[in-house]
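S.K.: Here it is, the structure in full.
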Amino acid sequence: MATQKKVRLGLVGTGSRCHSLCDAYHHHKQLEIVACCDTAKGKAEAFAGIFEKITGQKGLRAYSSYEEMLQNEALDALMICCDPDVQVDIACDAMNRGIHVMTEVPAAFSIAQCENLVDTVEKTGCKYQLAEQTRYWKFIQEWRAMAERGEFGHIIYAEGEYLHYEPAWDNFLDRKTGYTTVSADPSFYADPAYRSSWRNWCFRNPIFYLPHTLSPLLSITGGRITKVCCMGTRPLSYATELMSARDIQNAVMYNDQDTVFSVRTGYTSPYGFKAQTGAHWYQIKGTERTVEWARSTIDTPKMFTPVKGTHDGEWKAMDWTCADPDMPDEFKEAAHGGTDFYPIHYFVDAILNDKTPPMDVYKAVETAAPAILAAISCEKGGVMLEVPDFRHRK
Ligand SMILES: NC(=O)c1ccc[n+]([C@@H]2O[C@H](COP(=O)([O-])OP(=O)(O)OC[C@H]3O[C@@H](n4cnc5c(N)ncnc54)[C@H](O)[C@@H]3O)[C@@H](O)[C@H]2O)c1
């Protein structure tokens, strides 16, 4: 039985993701969102005003830096949803001060960051969780249960994609104010008042975003990725003129359970959305069953069950969904079919009841490291790279 204590949460980064998460997080009965910070001028204050309007909760304290927030607040935990390349440093500093931490995808951008994250969790004993949420889609939960019951036989292949086109992303950041500009105008590259935003430099190697897709796939297959190689188009988009981005990258990976993986990512070409999941798509091929998500908005999810010993079998359209109709009411308020609530639910539960959260630090870096090495592989023309084992280090 959980105690009635509340977790006092601080928010680091009040950009678009923070807005979307807090719409739902404030419904959590054992969570008190007490403070927020953002390095862009006046952004945290503006967020505090919006937060009050949405939630009716007055007095969310706003700061212009993480350090200032920690000097003034006694926090139990942080939700770090700022630029992903600075999340690990903040997370490790916070855990060294005894503060529990949740970060956003992708968990890290270098193998050194992965090691730092694991070392710090092991040393401090703080709770760390990656807030990857697509692993909680209802159909992913069903596929996971099928795998646990052995219904796939041996899973020989897992495939996924996250192909999310926007005609213009928030590509450029005003150096003075710290605010980003939504534009695909390449003349910003030459303007000294601006620099590339995190999205813009990340999309040069979009495979950095592979963890979002690998997380649900690994939750079904089990095991860890041991080998990775990756190919991509040139680092100059064909579809978004003069944008410094690869339109697609595809990583081929292998895990320690003899399963082959193929995952692709891209953000700058119009790829076409899928029913319910939008930019996300998945397939699992086992010796006894194949399942796949709808490939387009005019397709349906489907399952193939072979007739043993023949090449025949039955393809069946399935009525799988993203949202779980039976989820508690507070989950239903969250984006991505309610799944954005699962990470905060498990994070608070881990803190209050001393549990290991489901997407713990090992699982987080086991999605990040293959992405980091895939980007390196692509830069080197597709060489195969070995992924370190973060659970058994010397
Ligand atoms: N899981 C998902 O579905 C999902 C969806 C969107 C974004 N994300 C992730 O969430 C994170 C944030 O994305 P976003 O879309 O909100 O980005 P964003 O650029 O809109 O917001 C990031 C904010 O962090 C602030 N910031 C940067 N450095 C900071 C620092 N050191 N301290 C405090 N604030 C700082 C920026 O000023 C900005 O306001 C990224 O890791 C992204 O990958 C996840």
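Labeling convention for the structure tokens: chains A, B, ... as they appear, residues from 1 per chain, ligands from 1 in order of appearance.
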For Gly338 (chain A), please output as a ChimeraX atom specification all residues within 12 Å (counting only C-alpha atoms; exclusion window: fewer than 3 positions along the same chain).

M.R.: /A:20-21,23-25,133-138,321-335,341-345

S.K.: Could you save the residues just selected, with N, CA and C atoms, as a short mmCIF file (atom, residue, chain, number, x, y, z; two decimals), in the first residue's frame?

M.R.:
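What ended up in part.cif:
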data_model
loop_
_atom_site.label_atom_id
_atom_site.label_comp_id
_atom_site.auth_asym_id
_atom_site.auth_seq_id
_atom_site.Cartn_x
_atom_site.Cartn_y
_atom_site.Cartn_z
N SER A 20 3.01 19.55 -22.83
CA SER A 20 2.18 18.37 -23.09
C SER A 20 2.16 17.43 -21.88
N LEU A 21 3.31 17.24 -21.24
CA LEU A 21 3.37 16.33 -20.09
C LEU A 21 2.59 16.87 -18.90
N ASP A 23 0.08 18.86 -18.78
CA ASP A 23 -1.37 18.75 -18.96
C ASP A 23 -1.90 17.52 -18.23
N ALA A 24 -1.08 16.47 -18.21
CA ALA A 24 -1.50 15.21 -17.59
C ALA A 24 -0.94 15.01 -16.20
N TYR A 25 0.33 15.40 -15.99
CA TYR A 25 1.00 15.10 -14.72
C TYR A 25 0.27 15.71 -13.52
N GLN A 133 7.49 6.36 -23.84
CA GLN A 133 6.12 5.96 -23.55
C GLN A 133 5.45 5.04 -24.58
N THR A 134 6.03 4.93 -25.81
CA THR A 134 5.30 4.13 -26.81
C THR A 134 5.28 2.64 -26.42
N ARG A 135 6.19 2.25 -25.52
CA ARG A 135 6.18 0.85 -25.04
C ARG A 135 4.89 0.54 -24.26
N TYR A 136 4.09 1.57 -23.93
CA TYR A 136 2.84 1.32 -23.19
C TYR A 136 1.61 1.38 -24.08
N TRP A 137 1.81 1.56 -25.41
CA TRP A 137 0.63 1.47 -26.27
C TRP A 137 -0.02 0.11 -26.05
N LYS A 138 -1.35 0.10 -26.12
CA LYS A 138 -2.09 -1.12 -25.81
C LYS A 138 -1.64 -2.30 -26.69
N THR A 321 -5.50 -1.42 -30.72
CA THR A 321 -5.56 0.04 -30.56
C THR A 321 -4.32 0.55 -29.80
N CYS A 322 -4.16 1.86 -29.83
CA CYS A 322 -3.07 2.49 -29.05
C CYS A 322 -3.50 2.70 -27.61
N ALA A 323 -4.70 3.24 -27.46
CA ALA A 323 -5.18 3.57 -26.11
C ALA A 323 -5.82 2.34 -25.48
N ASP A 324 -5.59 2.20 -24.18
CA ASP A 324 -6.21 1.11 -23.44
C ASP A 324 -7.53 1.63 -22.87
N PRO A 325 -8.69 1.11 -23.33
CA PRO A 325 -9.97 1.64 -22.85
C PRO A 325 -10.15 1.47 -21.34
N ASP A 326 -9.40 0.52 -20.75
CA ASP A 326 -9.57 0.26 -19.32
C ASP A 326 -8.58 1.03 -18.43
N MET A 327 -7.81 1.94 -19.03
CA MET A 327 -6.83 2.65 -18.18
C MET A 327 -7.56 3.59 -17.21
N PRO A 328 -6.95 3.85 -16.04
CA PRO A 328 -7.59 4.76 -15.07
C PRO A 328 -7.82 6.14 -15.68
N ASP A 329 -8.78 6.87 -15.14
CA ASP A 329 -9.18 8.16 -15.72
C ASP A 329 -8.02 9.15 -15.85
N GLU A 330 -7.14 9.20 -14.82
CA GLU A 330 -6.06 10.20 -14.88
C GLU A 330 -5.10 9.91 -16.05
N PHE A 331 -4.99 8.63 -16.46
CA PHE A 331 -4.14 8.29 -17.60
C PHE A 331 -4.75 8.85 -18.89
N LYS A 332 -6.09 8.84 -18.95
CA LYS A 332 -6.78 9.21 -20.21
C LYS A 332 -6.52 10.65 -20.62
N GLU A 333 -6.11 11.50 -19.63
CA GLU A 333 -5.84 12.91 -19.95
C GLU A 333 -4.53 13.08 -20.73
N ALA A 334 -3.69 12.06 -20.71
CA ALA A 334 -2.34 12.21 -21.26
C ALA A 334 -2.32 12.01 -22.78
N ALA A 335 -1.29 12.63 -23.40
CA ALA A 335 -1.13 12.52 -24.86
C ALA A 335 -0.66 11.12 -25.26
N PHE A 341 1.25 9.06 -19.42
CA PHE A 341 1.08 9.00 -17.97
C PHE A 341 1.85 7.82 -17.35
N TYR A 342 2.08 6.77 -18.12
CA TYR A 342 2.73 5.57 -17.55
C TYR A 342 4.10 5.88 -16.94
N PRO A 343 4.99 6.62 -17.66
CA PRO A 343 6.30 6.88 -17.04
C PRO A 343 6.20 7.62 -15.71
N ILE A 344 5.35 8.62 -15.59
CA ILE A 344 5.27 9.35 -14.31
C ILE A 344 4.63 8.45 -13.24
N HIS A 345 3.68 7.64 -13.64
CA HIS A 345 3.06 6.70 -12.70
C HIS A 345 4.13 5.77 -12.10
#

S.K.: Could you pull out all residues of region 26-87 of chain A with a DSSP call of strand (DSSP E) and give them as a ChimeraX atom specification?

M.R.: /A:31-37,61-63,77-80

S.K.: Atoms to include: C-alpha atoms. Write the selected residues as a PDB file, in the first residue's frame.

M.R.:
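Output saved as again.pdb:
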ATOM      1  CA  LEU A  31       2.797  14.362  -7.232  1.00  0.00           C
ATOM      2  CA  GLU A  32       3.252  18.045  -6.483  1.00  0.00           C
ATOM      3  CA  ILE A  33       4.767  20.114  -9.279  1.00  0.00           C
ATOM      4  CA  VAL A  34       6.442  22.922  -7.325  1.00  0.00           C
ATOM      5  CA  ALA A  35       8.963  24.642  -9.589  1.00  0.00           C
ATOM      6  CA  CYS A  36      10.222  24.955 -13.136  1.00  0.00           C
ATOM      7  CA  CYS A  37      13.233  26.416 -14.898  1.00  0.00           C
ATOM      8  CA  ARG A  61       7.878  29.003  -8.920  1.00  0.00           C
ATOM      9  CA  ALA A  62       9.889  29.841 -12.044  1.00  0.00           C
ATOM     10  CA  TYR A  63      13.677  30.108 -12.427  1.00  0.00           C
ATOM     11  CA  ALA A  77      12.646  14.598  -8.096  1.00  0.00           C
ATOM     12  CA  LEU A  78      13.188  16.258 -11.469  1.00  0.00           C
ATOM     13  CA  MET A  79      11.514  15.793 -14.810  1.00  0.00           C
ATOM     14  CA  ILE A  80      14.245  16.835 -17.238  1.00  0.00           C
TER      15      ILE A  80
END

S.K.: Quick one: residues within 10 Å of Ser296 (chain A), only C-alpha atoms counted, chain neighbours fewer than 5 positions away excluded, as a list in words?

M.R.: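 Neighbouring residues, sequence-local ones excluded: Tyr271, Gly272, Phe273, Lys274, Ala275, Gln276, Thr277, Gly278, Ala279, Trp281 and Pro301 of chain A.
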
S.K.: Enumerate residues in contact with ligand 1: an atom-to-atom distance of at most 6 Å, counting only C-alpha atoms and all ligand atoms. Format the result as an MDAnalysis selection string.

M.R.: chainID A and resid 12:18 37:40 65:66 81:84 104:106 132 178

S.K.: Quick one: of A:Ile155, A:Leu373, A:Ala245, A:Ala368, who's nearest to Leu117 (chain A), counting only C-alpha atoms?

M.R.: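 The closest residue to Leu117 (chain A) is A:Ala368.
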
S.K.: Could you pull out all residues of region 180-284 of chain A with a DSSP call of alpha helix (DSSP H) and give them as a PyMOL selection string?

M.R.: chain A and resi 198-202+211-221

S.K.: May I ask which of the residues A:Phe304, A:Phe261, A:Trp293, A:Phe208 is the closest one to Ile156 (chain A), counting only C-alpha atoms?

M.R.: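 Nearest candidate to Ile156 (chain A) out of A:Phe304, A:Phe261, A:Trp293, A:Phe208: A:Phe261.
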